[in-house]
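Asks: To be precise about what I am sending: the file is called entry38.cif and holds mmCIF, C-alpha atoms and all ligand atoms.
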```cif
data_entry
#
loop_
_atom_site.label_atom_id
_atom_site.label_comp_id
_atom_site.auth_asym_id
_atom_site.auth_seq_id
_atom_site.Cartn_x
_atom_site.Cartn_y
_atom_site.Cartn_z
CA MET D 1 2.83 -46.43 3.10
CA SER D 2 0.04 -48.84 2.15
CA GLU D 3 -1.71 -48.97 -1.23
CA THR D 4 -4.87 -47.67 0.40
CA THR D 5 -3.26 -44.36 1.50
CA GLN D 6 -5.67 -41.52 0.76
CA ILE D 7 -3.98 -38.54 -0.85
CA ALA D 8 -5.64 -35.12 -0.78
CA ARG D 9 -4.15 -33.63 -3.95
CA GLY D 10 -3.05 -30.09 -3.27
CA LEU D 11 -3.94 -30.78 0.40
CA GLU D 12 -7.56 -29.98 -0.46
CA GLY D 13 -9.78 -30.03 2.62
CA ILE D 14 -6.90 -30.91 4.96
CA VAL D 15 -6.89 -29.02 8.25
CA ALA D 16 -3.14 -28.57 8.72
CA GLY D 17 -3.13 -26.56 11.95
CA ARG D 18 -4.98 -24.17 14.23
CA SER D 19 -5.17 -20.43 13.75
CA SER D 20 -7.18 -17.56 15.21
CA VAL D 21 -5.99 -15.02 12.63
CA SER D 22 -8.82 -15.48 10.14
CA THR D 23 -11.34 -17.99 8.86
CA VAL D 24 -13.08 -18.57 5.53
CA ASP D 25 -16.58 -19.99 5.11
CA GLY D 26 -16.58 -21.19 1.54
CA VAL D 27 -20.27 -22.10 1.50
CA GLN D 28 -21.70 -18.88 2.96
CA GLY D 29 -19.01 -16.71 1.32
CA ARG D 30 -17.74 -15.21 4.58
CA LEU D 31 -14.30 -14.04 5.64
CA VAL D 32 -13.66 -13.22 9.29
CA TYR D 33 -10.52 -11.65 10.81
CA GLN D 34 -10.27 -12.43 14.55
CA GLY D 35 -14.06 -12.55 14.86
CA TYR D 36 -14.87 -9.50 12.69
CA ASP D 37 -16.64 -9.88 9.35
CA ILE D 38 -14.60 -8.51 6.44
CA ARG D 39 -17.61 -6.51 5.18
CA GLU D 40 -17.75 -4.54 8.41
CA LEU D 41 -13.97 -4.04 8.50
CA ALA D 42 -13.95 -2.82 4.89
CA GLU D 43 -16.70 -0.35 5.70
CA LEU D 44 -15.51 0.97 9.05
CA SER D 45 -11.88 0.11 9.68
CA SER D 46 -8.46 0.97 8.25
CA PHE D 47 -5.41 -1.05 7.24
CA GLU D 48 -3.48 0.04 10.34
CA GLU D 49 -6.35 -1.00 12.61
CA VAL D 50 -6.54 -4.37 10.82
CA CYS D 51 -2.78 -4.82 11.40
CA PHE D 52 -3.34 -4.29 15.12
CA LEU D 53 -6.27 -6.71 15.06
CA LEU D 54 -4.31 -9.45 13.27
CA TRP D 55 -1.17 -9.05 15.40
CA HIS D 56 -2.80 -8.51 18.81
CA LYS D 57 -5.99 -10.56 18.31
CA ARG D 58 -8.25 -7.66 19.35
CA LEU D 59 -9.16 -4.14 18.22
CA PRO D 60 -7.02 -1.30 19.64
CA ASP D 61 -8.20 1.62 21.74
CA SER D 62 -7.53 5.04 20.22
CA GLY D 63 -4.15 5.48 22.00
CA GLU D 64 -2.95 2.06 20.84
CA LEU D 65 -4.01 2.76 17.27
CA GLU D 66 -2.19 6.11 17.26
CA GLU D 67 0.91 4.42 18.65
CA LEU D 68 0.86 1.75 15.95
CA LYS D 69 0.31 4.34 13.21
CA GLU D 70 3.32 6.26 14.50
CA SER D 71 5.48 3.11 14.70
CA LEU D 72 4.56 2.13 11.13
CA ALA D 73 5.23 5.65 9.84
CA ALA D 74 8.56 5.80 11.70
CA ALA D 75 9.66 2.46 10.19
CA ARG D 76 8.94 3.34 6.54
CA SER D 77 12.39 4.38 5.32
CA VAL D 78 14.55 1.50 4.09
CA PRO D 79 18.36 1.38 4.49
CA PRO D 80 20.21 3.09 1.57
CA ALA D 81 21.71 -0.32 0.63
CA ILE D 82 18.21 -1.55 -0.23
CA LEU D 83 17.66 1.37 -2.62
CA GLU D 84 21.06 0.72 -4.21
CA LEU D 85 20.15 -2.93 -4.61
CA LEU D 86 16.74 -2.11 -6.16
CA GLU D 87 18.42 0.23 -8.61
CA MET D 88 20.66 -2.59 -9.83
CA LEU D 89 17.86 -5.08 -10.45
CA PRO D 90 16.29 -5.72 -13.86
CA PRO D 91 12.92 -3.89 -14.09
CA ARG D 92 11.06 -7.03 -15.14
CA SER D 93 9.54 -8.46 -11.95
CA GLY D 94 8.36 -6.51 -8.94
CA MET D 95 7.80 -9.74 -7.02
CA ALA D 96 11.34 -11.01 -7.67
CA ALA D 97 12.67 -7.58 -6.65
CA LEU D 98 10.54 -7.62 -3.49
CA GLN D 99 11.71 -11.13 -2.62
CA THR D 100 15.35 -10.10 -3.11
CA ALA D 101 14.88 -6.93 -1.05
CA VAL D 102 13.15 -8.77 1.80
CA ALA D 103 16.04 -11.27 1.97
CA ALA D 104 18.48 -8.33 1.94
CA LEU D 105 16.55 -6.58 4.75
CA GLY D 106 17.19 -9.73 6.79
CA LEU D 107 20.92 -9.53 6.06
CA LEU D 108 20.94 -5.94 7.26
CA ASP D 109 18.93 -6.53 10.46
CA PRO D 110 21.19 -7.45 13.40
CA GLU D 111 18.22 -9.13 15.14
CA ALA D 112 17.08 -11.08 12.06
CA ASP D 113 17.72 -14.48 13.64
CA ASP D 114 16.09 -13.62 16.95
CA VAL D 115 12.71 -15.35 16.80
CA SER D 116 11.60 -14.28 20.30
CA PRO D 117 8.09 -12.71 20.47
CA PRO D 118 9.26 -9.10 21.15
CA SER D 119 11.77 -9.23 18.29
CA ASN D 120 9.22 -10.77 15.92
CA ALA D 121 6.65 -8.12 16.89
CA ARG D 122 9.16 -5.39 15.95
CA LYS D 123 9.85 -7.14 12.66
CA ALA D 124 6.14 -7.39 11.85
CA VAL D 125 5.89 -3.58 12.07
CA LYS D 126 9.11 -3.00 10.16
CA LEU D 127 8.31 -5.44 7.36
CA THR D 128 4.77 -4.13 6.96
CA ALA D 129 6.02 -0.53 6.74
CA GLN D 130 8.92 -1.35 4.41
CA VAL D 131 7.29 -3.70 1.90
CA ALA D 132 5.22 -0.71 0.73
CA THR D 133 8.35 1.46 0.47
CA ILE D 134 10.23 -1.23 -1.47
CA VAL D 135 7.42 -1.73 -4.01
CA ALA D 136 7.06 2.02 -4.63
CA ALA D 137 10.83 2.64 -4.75
CA PHE D 138 11.44 -0.28 -7.14
CA HIS D 139 8.86 1.12 -9.52
CA ARG D 140 10.26 4.65 -9.47
CA LEU D 141 13.86 3.55 -9.82
CA ARG D 142 13.10 1.34 -12.82
CA ARG D 143 11.47 4.34 -14.49
CA GLY D 144 14.50 6.51 -13.72
CA LEU D 145 12.43 8.62 -11.29
CA PRO D 146 13.66 9.85 -7.90
CA VAL D 147 12.51 7.86 -4.88
CA VAL D 148 9.78 9.69 -2.94
CA GLU D 149 10.43 10.03 0.80
CA PRO D 150 7.56 8.67 2.91
CA ASP D 151 5.25 11.29 4.45
CA PRO D 152 4.66 10.59 8.15
CA LEU D 153 1.46 12.66 8.07
CA LEU D 154 -0.20 10.24 5.65
CA GLY D 155 -1.81 6.91 6.54
CA HIS D 156 -0.35 3.70 5.14
CA ALA D 157 -2.54 3.53 2.01
CA ALA D 158 -2.28 7.23 1.11
CA ASN D 159 1.46 7.22 1.76
CA PHE D 160 1.90 4.21 -0.53
CA LEU D 161 0.17 6.07 -3.40
CA TRP D 162 2.25 9.16 -2.60
CA MET D 163 5.52 7.17 -2.72
CA LEU D 164 4.42 5.50 -5.97
CA PHE D 165 3.18 8.54 -7.91
CA GLY D 166 4.88 11.47 -6.16
CA GLU D 167 1.48 13.20 -5.85
CA LYS D 168 -0.80 13.43 -2.85
CA PRO D 169 -3.76 11.10 -3.59
CA GLU D 170 -7.35 12.33 -3.69
CA LYS D 171 -9.49 11.24 -0.76
CA ALA D 172 -11.44 8.71 -2.85
CA ALA D 173 -8.26 7.09 -4.20
CA ALA D 174 -6.70 6.83 -0.74
CA ARG D 175 -9.92 5.33 0.62
CA ALA D 176 -10.15 2.77 -2.22
CA MET D 177 -6.51 1.80 -1.64
CA ASP D 178 -7.11 1.47 2.10
CA VAL D 179 -10.14 -0.77 1.53
CA ALA D 180 -8.14 -2.94 -0.91
CA LEU D 181 -5.42 -3.29 1.74
CA VAL D 182 -7.99 -4.27 4.39
CA LEU D 183 -9.53 -6.86 2.05
CA HIS D 184 -6.24 -8.51 1.04
CA ALA D 185 -4.65 -8.59 4.50
CA ASP D 186 -5.32 -12.21 5.40
CA HIS D 187 -6.93 -15.40 4.18
CA GLU D 188 -6.38 -18.34 6.51
CA TYR D 189 -4.00 -21.05 5.21
CA ASN D 190 -3.69 -19.81 1.61
CA ALA D 191 -0.62 -21.06 -0.26
CA SER D 192 1.71 -18.13 0.48
CA THR D 193 0.80 -18.01 4.18
CA PHE D 194 1.26 -21.75 4.42
CA SER D 195 4.63 -21.48 2.76
CA ALA D 196 5.65 -18.76 5.26
CA ARG D 197 4.55 -21.00 8.12
CA VAL D 198 6.45 -24.01 6.72
CA THR D 199 9.62 -21.91 6.57
CA ALA D 200 9.12 -20.57 10.11
CA SER D 201 8.42 -24.09 11.38
CA THR D 202 12.10 -24.93 10.80
CA LEU D 203 12.85 -21.98 13.15
CA SER D 204 14.28 -20.08 10.22
CA ASP D 205 13.87 -16.31 10.59
CA MET D 206 10.94 -14.05 9.68
CA TYR D 207 12.65 -12.47 6.64
CA SER D 208 13.30 -15.91 5.14
CA ALA D 209 9.67 -16.89 5.77
CA ILE D 210 8.39 -13.70 4.11
CA ALA D 211 10.74 -14.17 1.14
CA ALA D 212 9.24 -17.66 0.71
CA ALA D 213 5.73 -16.23 0.93
CA VAL D 214 6.46 -13.55 -1.69
CA GLY D 215 7.73 -16.23 -4.08
CA THR D 216 4.55 -18.24 -3.52
CA LEU D 217 2.16 -15.31 -3.94
CA LYS D 218 3.76 -14.52 -7.30
CA GLY D 219 2.25 -17.54 -9.11
CA PRO D 220 -0.71 -17.03 -11.48
CA LEU D 221 -2.85 -19.54 -9.59
CA HIS D 222 -2.52 -17.32 -6.48
CA GLY D 223 -1.80 -13.56 -6.20
CA GLY D 224 -0.31 -13.40 -9.69
CA ALA D 225 -3.82 -13.85 -11.10
CA ASN D 226 -4.63 -10.13 -10.68
CA GLU D 227 -2.10 -9.19 -13.37
CA GLN D 228 -3.43 -11.93 -15.68
CA VAL D 229 -6.96 -10.57 -15.18
CA MET D 230 -5.97 -7.12 -16.40
CA LYS D 231 -4.13 -8.56 -19.41
CA MET D 232 -7.30 -10.48 -20.28
CA LEU D 233 -9.50 -7.37 -19.92
CA GLU D 234 -7.11 -5.51 -22.23
CA GLU D 235 -7.17 -8.40 -24.73
CA ILE D 236 -10.99 -8.37 -24.71
CA GLY D 237 -11.07 -4.60 -25.20
CA SER D 238 -14.86 -4.11 -25.22
CA PRO D 239 -17.79 -5.64 -23.29
CA GLU D 240 -19.35 -6.99 -26.52
CA ARG D 241 -16.34 -9.26 -27.11
CA ALA D 242 -16.33 -10.80 -23.62
CA GLU D 243 -18.57 -13.80 -24.26
CA GLU D 244 -16.80 -14.85 -27.46
CA VAL D 245 -13.32 -14.57 -25.90
CA ILE D 246 -14.35 -16.47 -22.77
CA GLN D 247 -15.96 -19.22 -24.83
CA ALA D 248 -12.79 -19.57 -26.94
CA LYS D 249 -10.56 -19.71 -23.85
CA LEU D 250 -12.72 -22.33 -22.19
CA ALA D 251 -12.95 -24.35 -25.42
CA SER D 252 -9.15 -24.50 -25.49
CA LYS D 253 -9.12 -25.57 -21.80
CA GLN D 254 -7.62 -22.33 -20.55
CA ARG D 255 -8.34 -21.14 -17.04
CA ILE D 256 -10.00 -17.78 -16.69
CA PRO D 257 -7.89 -15.71 -14.29
CA GLY D 258 -9.76 -14.28 -11.32
CA PHE D 259 -12.37 -17.05 -11.24
CA GLY D 260 -12.73 -20.12 -9.05
CA HIS D 261 -11.32 -20.73 -5.61
CA ARG D 262 -10.16 -23.68 -3.55
CA VAL D 263 -12.45 -22.76 -0.64
CA TYR D 264 -15.21 -20.43 -1.90
CA LYS D 265 -17.91 -22.19 -3.88
CA THR D 266 -19.93 -18.98 -4.04
CA TRP D 267 -19.07 -15.27 -4.17
CA ASP D 268 -15.78 -14.33 -2.54
CA PRO D 269 -17.03 -11.51 -0.24
CA ARG D 270 -13.96 -9.45 -1.12
CA ALA D 271 -14.80 -9.60 -4.82
CA LEU D 272 -18.29 -8.20 -4.14
CA ILE D 273 -16.83 -5.21 -2.29
CA LEU D 274 -14.15 -4.61 -4.93
CA LYS D 275 -16.81 -4.83 -7.64
CA ARG D 276 -18.58 -1.86 -6.05
CA TYR D 277 -15.32 0.10 -5.82
CA SER D 278 -14.48 -0.75 -9.44
CA GLU D 279 -17.80 0.72 -10.57
CA GLU D 280 -17.70 3.76 -8.29
CA LEU D 281 -14.09 4.68 -9.09
CA GLY D 282 -14.74 4.17 -12.81
CA ARG D 283 -17.79 6.48 -12.68
CA ALA D 284 -15.94 9.11 -10.63
CA ARG D 285 -13.15 9.17 -13.22
CA GLY D 286 -15.47 9.03 -16.24
CA GLN D 287 -13.99 5.71 -17.41
CA THR D 288 -16.18 2.68 -16.79
CA LEU D 289 -14.76 0.59 -19.66
CA TRP D 290 -12.78 -1.76 -17.39
CA TYR D 291 -15.71 -2.23 -15.04
CA ASP D 292 -18.05 -2.81 -18.00
CA ILE D 293 -15.75 -5.44 -19.53
CA SER D 294 -15.30 -7.06 -16.10
CA LEU D 295 -19.07 -7.27 -15.66
CA ALA D 296 -19.48 -8.87 -19.09
CA VAL D 297 -16.70 -11.38 -18.29
CA GLU D 298 -18.31 -12.17 -14.94
CA GLN D 299 -21.63 -12.89 -16.67
CA ALA D 300 -19.99 -15.02 -19.38
CA VAL D 301 -17.99 -17.13 -16.90
CA ARG D 302 -21.04 -17.64 -14.68
CA LYS D 303 -23.05 -18.73 -17.73
CA GLU D 304 -20.42 -21.03 -19.24
CA LYS D 305 -18.82 -22.53 -16.11
CA ASP D 306 -20.83 -21.34 -13.09
CA LEU D 307 -17.63 -20.03 -11.51
CA TYR D 308 -17.59 -16.95 -9.26
CA PRO D 309 -15.02 -14.15 -9.25
CA ASN D 310 -12.33 -14.29 -6.58
CA VAL D 311 -10.50 -11.35 -4.95
CA ASP D 312 -8.11 -11.02 -7.91
CA PHE D 313 -10.86 -10.31 -10.43
CA TYR D 314 -12.28 -6.92 -9.45
CA SER D 315 -9.06 -5.76 -7.75
CA ALA D 316 -7.56 -5.59 -11.25
CA SER D 317 -9.90 -2.85 -12.54
CA VAL D 318 -9.70 -1.02 -9.19
CA TYR D 319 -5.88 -0.89 -9.34
CA TYR D 320 -5.90 0.02 -13.01
CA THR D 321 -8.32 2.87 -12.41
CA LEU D 322 -6.07 4.09 -9.60
CA GLY D 323 -3.28 4.31 -12.19
CA ILE D 324 -1.20 1.43 -10.80
CA PRO D 325 0.88 -0.28 -13.52
CA VAL D 326 -0.36 -3.79 -14.32
CA ASP D 327 2.94 -5.49 -13.47
CA LEU D 328 2.74 -3.98 -9.98
CA PHE D 329 -0.65 -5.51 -9.11
CA THR D 330 0.81 -8.58 -7.37
CA PRO D 331 3.40 -6.56 -5.42
CA VAL D 332 0.47 -4.37 -4.27
CA PHE D 333 -1.25 -7.54 -3.02
CA ALA D 334 1.93 -8.21 -0.99
CA VAL D 335 1.83 -4.65 0.42
CA SER D 336 -1.34 -5.79 2.19
CA ARG D 337 -0.76 -9.52 2.77
CA ILE D 338 2.44 -8.80 4.68
CA ALA D 339 0.11 -8.00 7.63
CA GLY D 340 -1.45 -11.47 7.56
CA TRP D 341 1.81 -13.28 6.83
CA THR D 342 3.48 -11.69 9.85
CA ALA D 343 0.42 -12.38 12.06
CA HIS D 344 0.59 -16.06 11.08
CA LEU D 345 4.32 -16.12 11.77
CA LEU D 346 3.83 -14.69 15.27
CA GLU D 347 1.31 -17.49 15.83
CA GLN D 348 3.60 -20.15 14.32
CA TYR D 349 6.66 -19.22 16.40
CA GLU D 350 4.55 -19.07 19.55
CA ASP D 351 3.48 -22.71 19.29
CA ASN D 352 5.85 -24.25 16.79
CA ARG D 353 6.12 -27.77 15.49
CA LEU D 354 8.09 -28.66 12.34
CA ILE D 355 5.72 -28.95 9.36
CA ARG D 356 6.79 -32.02 7.47
CA PRO D 357 4.18 -34.19 5.72
CA ARG D 358 4.82 -37.50 3.97
CA ALA D 359 4.75 -38.47 0.29
CA GLU D 360 3.57 -41.71 -1.22
CA TYR D 361 6.63 -43.01 -3.03
CA THR D 362 6.03 -43.77 -6.73
CA GLY D 363 9.63 -44.38 -7.84
CA PRO D 364 11.42 -47.69 -8.43
CA MET D 365 12.96 -49.85 -5.67
CA ASP D 366 15.86 -52.27 -5.33
CA LEU D 367 17.87 -51.08 -8.36
CA ARG D 368 21.58 -51.94 -8.27
CA TYR D 369 24.10 -49.16 -8.85
CA VAL D 370 26.04 -49.54 -12.15
CA PRO D 371 29.36 -47.63 -12.40
CA ILE D 372 29.16 -44.93 -15.09
CA GLU D 373 31.77 -46.57 -17.34
CA ASP D 374 29.63 -49.73 -17.46
CA ARG D 375 26.38 -47.93 -18.39
CA PRO D 376 25.29 -48.25 -22.04
CA PRO D 377 24.83 -44.89 -23.85
CA ARG D 378 21.27 -43.54 -23.80
CA GLN D 379 19.43 -43.85 -27.10
CA ALA D 380 19.25 -40.45 -28.77
CA THR D 381 15.62 -39.32 -28.78
CA ALA D 382 14.18 -38.05 -32.05
C1 LIG D 401 -5.75 -14.74 -4.06
C2 LIG D 401 -5.98 -16.02 -4.71
O1 LIG D 401 -5.11 -16.85 -4.72
S1 LIG D 401 -7.51 -16.32 -5.38
C3 LIG D 401 -7.18 -17.48 -6.73
C4 LIG D 401 -6.45 -16.79 -7.84
N1 LIG D 401 -6.24 -17.69 -8.97
C5 LIG D 401 -6.93 -17.60 -10.11
O2 LIG D 401 -7.82 -16.78 -10.26
C6 LIG D 401 -6.51 -18.54 -11.22
C7 LIG D 401 -7.73 -19.19 -11.85
N2 LIG D 401 -8.35 -20.10 -10.93
C8 LIG D 401 -7.88 -21.39 -10.79
O3 LIG D 401 -6.95 -21.83 -11.47
C9 LIG D 401 -8.53 -22.26 -9.73
O4 LIG D 401 -9.87 -21.89 -9.53
C10 LIG D 401 -7.78 -22.27 -8.39
C11 LIG D 401 -6.32 -22.65 -8.61
C12 LIG D 401 -7.84 -20.89 -7.75
C13 LIG D 401 -8.42 -23.27 -7.44
O5 LIG D 401 -8.29 -24.49 -8.02
P1 LIG D 401 -8.64 -25.89 -7.38
O6 LIG D 401 -9.32 -25.77 -6.09
O7 LIG D 401 -7.40 -26.70 -7.39
O8 LIG D 401 -9.68 -26.43 -8.40
P2 LIG D 401 -9.34 -27.34 -9.62
O9 LIG D 401 -8.09 -26.90 -10.30
O10 LIG D 401 -9.37 -28.75 -9.11
O11 LIG D 401 -10.57 -27.05 -10.56
C14 LIG D 401 -11.85 -27.67 -10.44
C15 LIG D 401 -12.58 -27.55 -11.75
O12 LIG D 401 -12.92 -26.20 -11.98
C16 LIG D 401 -12.31 -25.72 -13.19
N3 LIG D 401 -11.82 -24.38 -12.92
C17 LIG D 401 -11.42 -23.86 -11.74
N4 LIG D 401 -11.07 -22.60 -11.89
C18 LIG D 401 -11.22 -22.32 -13.21
C19 LIG D 401 -11.01 -21.17 -13.97
N5 LIG D 401 -10.55 -20.04 -13.42
N6 LIG D 401 -11.27 -21.21 -15.29
C20 LIG D 401 -11.73 -22.33 -15.87
N7 LIG D 401 -11.96 -23.47 -15.18
C21 LIG D 401 -11.70 -23.44 -13.87
C22 LIG D 401 -11.16 -26.69 -13.43
O13 LIG D 401 -10.78 -26.74 -14.78
C23 LIG D 401 -11.77 -27.98 -12.95
O14 LIG D 401 -12.68 -28.42 -13.93
P3 LIG D 401 -12.78 -29.96 -14.31
O15 LIG D 401 -13.19 -30.64 -13.04
O16 LIG D 401 -13.79 -29.97 -15.39
O17 LIG D 401 -11.40 -30.34 -14.75
O1 LIG D 402 -7.17 -18.61 0.16
C1 LIG D 402 -6.69 -18.86 -0.93
O2 LIG D 402 -6.45 -20.03 -1.34
C2 LIG D 402 -6.33 -17.77 -1.87
C3 LIG D 402 -6.91 -16.46 -1.50
O3 LIG D 402 -8.05 -16.16 -1.77
C4 LIG D 402 -6.06 -15.54 -0.77
O4 LIG D 402 -4.92 -15.87 -0.43
O5 LIG D 402 -6.51 -14.40 -0.50
#
```
Would you encode the structure as structure tokens?
Ligand SMILES: CC(=O)SCCNC(=O)CCNC(=O)[C@H](O)C(C)(C)COP(=O)(O)OP(=O)(O)OC[C@H]1O[C@@H](n2cnc3c(N)ncnc32)[C@H](O)[C@@H]1OP(=O)(O)O
Ligand SMILES: O=C([O-])CC(=O)C(=O)O
Replies:
Amino acid sequence: MSETTQIARGLEGIVAGRSSVSTVDGVQGRLVYQGYDIRELAELSSFEEVCFLLWHKRLPDSGELEELKESLAAARSVPPAILELLEMLPPRSGMAALQTAVAALGLLDPEADDVSPPSNARKAVKLTAQVATIVAAFHRLRRGLPVVEPDPLLGHAANFLWMLFGEKPEKAAARAMDVALVLHADHEYNASTFSARVTASTLSDMYSAIAAAVGTLKGPLHGGANEQVMKMLEEIGSPERAEEVIQAKLASKQRIPGFGHRVYKTWDPRALILKRYSEELGRARGQTLWYDISLAVEQAVRKEKDLYPNVDFYSASVYYTLGIPVDLFTPVFAVSRIAGWTAHLLEQYEDNRLIRPRAEYTGPMDLRYVPIEDRPPRQATA
């Protein structure tokens, strides 16, 4: 590689492939799934319909939607071995538990290594149904609570809340959850989706690709930011303290979770929608503190750094108001993103080429190997 090689650090701005699943316009602040604007989908659609859209590249008719809803509901229960496994795991990380359980689902699926389109389509449905079950079951088991059987009469969002809390959700809570699932379902070549596609590009199986994606989503620069946001809101504690805390964090070169984005240089459209839900849910429950602190943080970060909130910022107060434990926020992100990950995998397997970039080598050259007995001892460092 020559000395003039241009490196795009973090692959910024690099178009690494083609996809029709979704596109992001970072200047206008638009997100489009298969041609449909996210604002319209959030208003009018449902998570199940978005799954159909992402997987089949078009909206379903009513019969097709019913069929998919039934298939998802029928696939919700996980094998007993998965529940036994979840029960054995330390309660500390929902994402690590989800990653482990997804890998185990692959071990238990006789068609795991079949990457043909019909088999992958079945796995997309199964994984999407079961990620929700795994997240809810992990949480209940770690609290010593009985696992709640899925209810086939409930939609995906309402059933997830039911399996998590063991109570039928109010209409407003189920709707807010459904909208959050619609908004988080896909986002072009984000890091976790890219990592899923890299894994699939070796013709490894779908479970392995999803396990890779879960591990990537977990990081605080990606999906893990939603949990960091809530911890920051709790640390701030009241709207009046927001500016001072933000100034101190920025002065010590800390990143403010939930702000900034690789692609959006304006409002993330999802954050605007979640902001409305954060306020409305807070008002409906007579607790606007988290929305009020969030608003004060938003104003402080705009003033100090001119950064806009991303999807992880207002999702935090929405989830918190729904009663979801903070350390489950990122797993809840995965409950939705599994739809986009699997859609990208269907696309990847259909027109695959190994993803394998190059690196500019910065190490030494032409060293001669010295047998270990002839090497001088290393100087002890102070
Ligand atoms: C679902 C999602 O994944 S959405 C993103 C979730 N992640 C977060 O919210 C974590 C906080 N945000 C960030 O760390 C970043 O904005 C990222 C990782 C999302 C994007 O980062 P990049 O595109 O790599 O931007 P980069 O790291 O080069 O930052 C550019 C500049 O903006 C600053 N910046 C970016 N985000 C933030 C932030 N949240 N807080 C403070 N400064 C920030 C950087 O310090 C840098 O400033 P400098 O040029 O003065 O050094
Ligand atoms: O696109 C990104 O880089 C991160 C993001 O917003 C997402 O995955 O939803």
Asks: Got a sec to check which residues lie within 8 Å of ligand LIG 401 (chain D), using all atoms listed in the file, and send them as a PyMOL selection string?
Replies: chain D and resi 10+12+190-191+217+220-226+229+250+253-263+305+307+309-313
Asks: Quick one: pull the distance between atom CA of Thr330 of chain D and atom CA of Lys303 of chain D, Å, one decimal.
Replies: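 Separation of atom CA of Thr330 of chain D and atom CA of Lys303 of chain D: 27.9 Å.
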Asks: Please indicate the distance in Å from atom CA of Ala104 of chain D to atom CA of Met206 of chain D, rounded to one decimal place.
Replies: 12.2 Å
Asks: For segment 265-277 of chain D, find every residue with an atom within 6 Å (counting only C-alpha atoms), except residues of its own chain fewer than 6 positions away, and show them as a list in words.
Replies: Gly26, Val27, Gly29, Tyr308, Asn310, Val311, Tyr314 and Ser315 of chain D
Asks: Which residues, written as a VMD selection string, have at least one atom at most 6 Å from segment 116-129 of chain D, with all atoms listed in the file counted and residues fewer than 6 positions away on the same chain left out?
Replies: chain D and resid 72 75 to 76 338 342
Asks: Which residues of segment 123-183 of chain D sit at most 7 Å from segment 82-101 of chain D, using all atoms listed in the file? Give each one's shortest atom pair and distance in Å (one decimal place), in chain and ascending residue order, as CSV.
Replies:
```
residue,atom,partner,partner_atom,distance
D:Ile134,CA,D:Leu98,CA,6.7
D:Val135,CA,D:Leu98,CA,6.7
D:Phe138,CA,D:Leu86,CA,5.7
D:Leu141,CA,D:Glu87,CA,5.8
D:Arg142,CA,D:Pro91,CA,5.4
```
Asks: For Glu167 of chain D, find every residue with an atom within 10 Å (counting only C-alpha atoms), except residues of its own chain fewer than 5 positions away, and show them as an MDAnalysis selection string.
Replies: chainID D and resid 148 158:159 161:162
Asks: Can you write out the residues you just picked, keeping C-alpha atoms, as a JSON list (two decimals), in the frame of the given file?
Replies:
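Output contents, as saved in selection_35.json:
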```
[["chain", "number", "residue", "atom", "x", "y", "z"],
["D", 148, "VAL", "CA", 9.78, 9.69, -2.94],
["D", 158, "ALA", "CA", -2.28, 7.23, 1.11],
["D", 159, "ASN", "CA", 1.46, 7.22, 1.76],
["D", 161, "LEU", "CA", 0.17, 6.07, -3.40],
["D", 162, "TRP", "CA", 2.25, 9.16, -2.60]]
```
Asks: Within 10 Å of Ser45 of chain D, counting all atoms listed in the file, which residues show up once you throw out same-chain ones fewer than 6 positions away? Write them as a VMD selection string, please.
Replies: chain D and resid 38 to 39 59 178 to 179 182
Asks: Keeping only C-alpha atoms, write the selected residues to a file as a JSON list (two decimals), keeping the file's coordinate frame.
Replies:
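Writing done, so here's again_6.json:
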```json
[["chain", "number", "residue", "atom", "x", "y", "z"],
["D", 38, "ILE", "CA", -14.60, -8.51, 6.44],
["D", 39, "ARG", "CA", -17.61, -6.51, 5.18],
["D", 59, "LEU", "CA", -9.16, -4.14, 18.22],
["D", 178, "ASP", "CA", -7.11, 1.47, 2.10],
["D", 179, "VAL", "CA", -10.14, -0.77, 1.53],
["D", 182, "VAL", "CA", -7.99, -4.27, 4.39]]
```
Asks: Pick from D:Arg283, D:Arg175, D:Arg337, D:Arg143: nearest to ligand LIG 402 (chain D), with only C-alpha atoms and all ligand atoms counted?
Replies: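 Under the stated criterion, the closest residue is D:Arg337.
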Asks: If we draw a sphere of 12 Å around (6.5, 13.9, -6.4), which residues have at least one atom in it when counting only C-alpha atoms? Please report them as a list of chain:residue names.
Replies: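 The answer, in the requested form, is D:Arg140, D:Leu145, D:Pro146, D:Val147, D:Val148, D:Glu149, D:Pro150, D:Asp151, D:Asn159, D:Leu161, D:Trp162, D:Met163, D:Leu164, D:Phe165, D:Gly166, D:Glu167, D:Lys168, D:Pro169.
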Asks: Of the candidates D:Val32, D:Ala185, D:Leu153, D:Leu281, which one gets nearest to ligand LIG 402 (chain D) if we count all atoms listed in the file?
Replies: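 For ligand LIG 402 (chain D), the nearest of the candidates is D:Ala185.
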Asks: Quick one: distance from atom O1 of ligand LIG 402 (chain D) to atom CA of Glu188 of chain D in Å, one decimal?
Replies: 6.4 Å
Asks: Rank D:Glu170, D:Asp186, D:Asp37, D:Glu64 by their smallest atom-to-atom distance to ligand LIG 402 (chain D), using all atoms listed in the file, and report the top residue only.
Replies: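 Residue with the minimum atom-to-atom distance to ligand LIG 402 (chain D): D:Asp186.
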Asks: Report as a ChimeraX atom specification all protein, DNA and RNA residues lying within 9 Å of Ser238 of chain D, evaluated on only C-alpha atoms, omitting residues in the same chain fewer than 6 positions from it.
Replies: /D:289-290,292-293
Asks: Please, what is the axis-aligned box for every listed atom of ligand LIG 402 (chain D) with 8 Å on each side, as centre and edge lengths in Å to one decimal, as lines of an AutoDock Vina configuration file?
Replies:
```
center_x = -6.5
center_y = -17.2
center_z = -0.9
size_x = 19.1
size_y = 21.6
size_z = 18.0
```
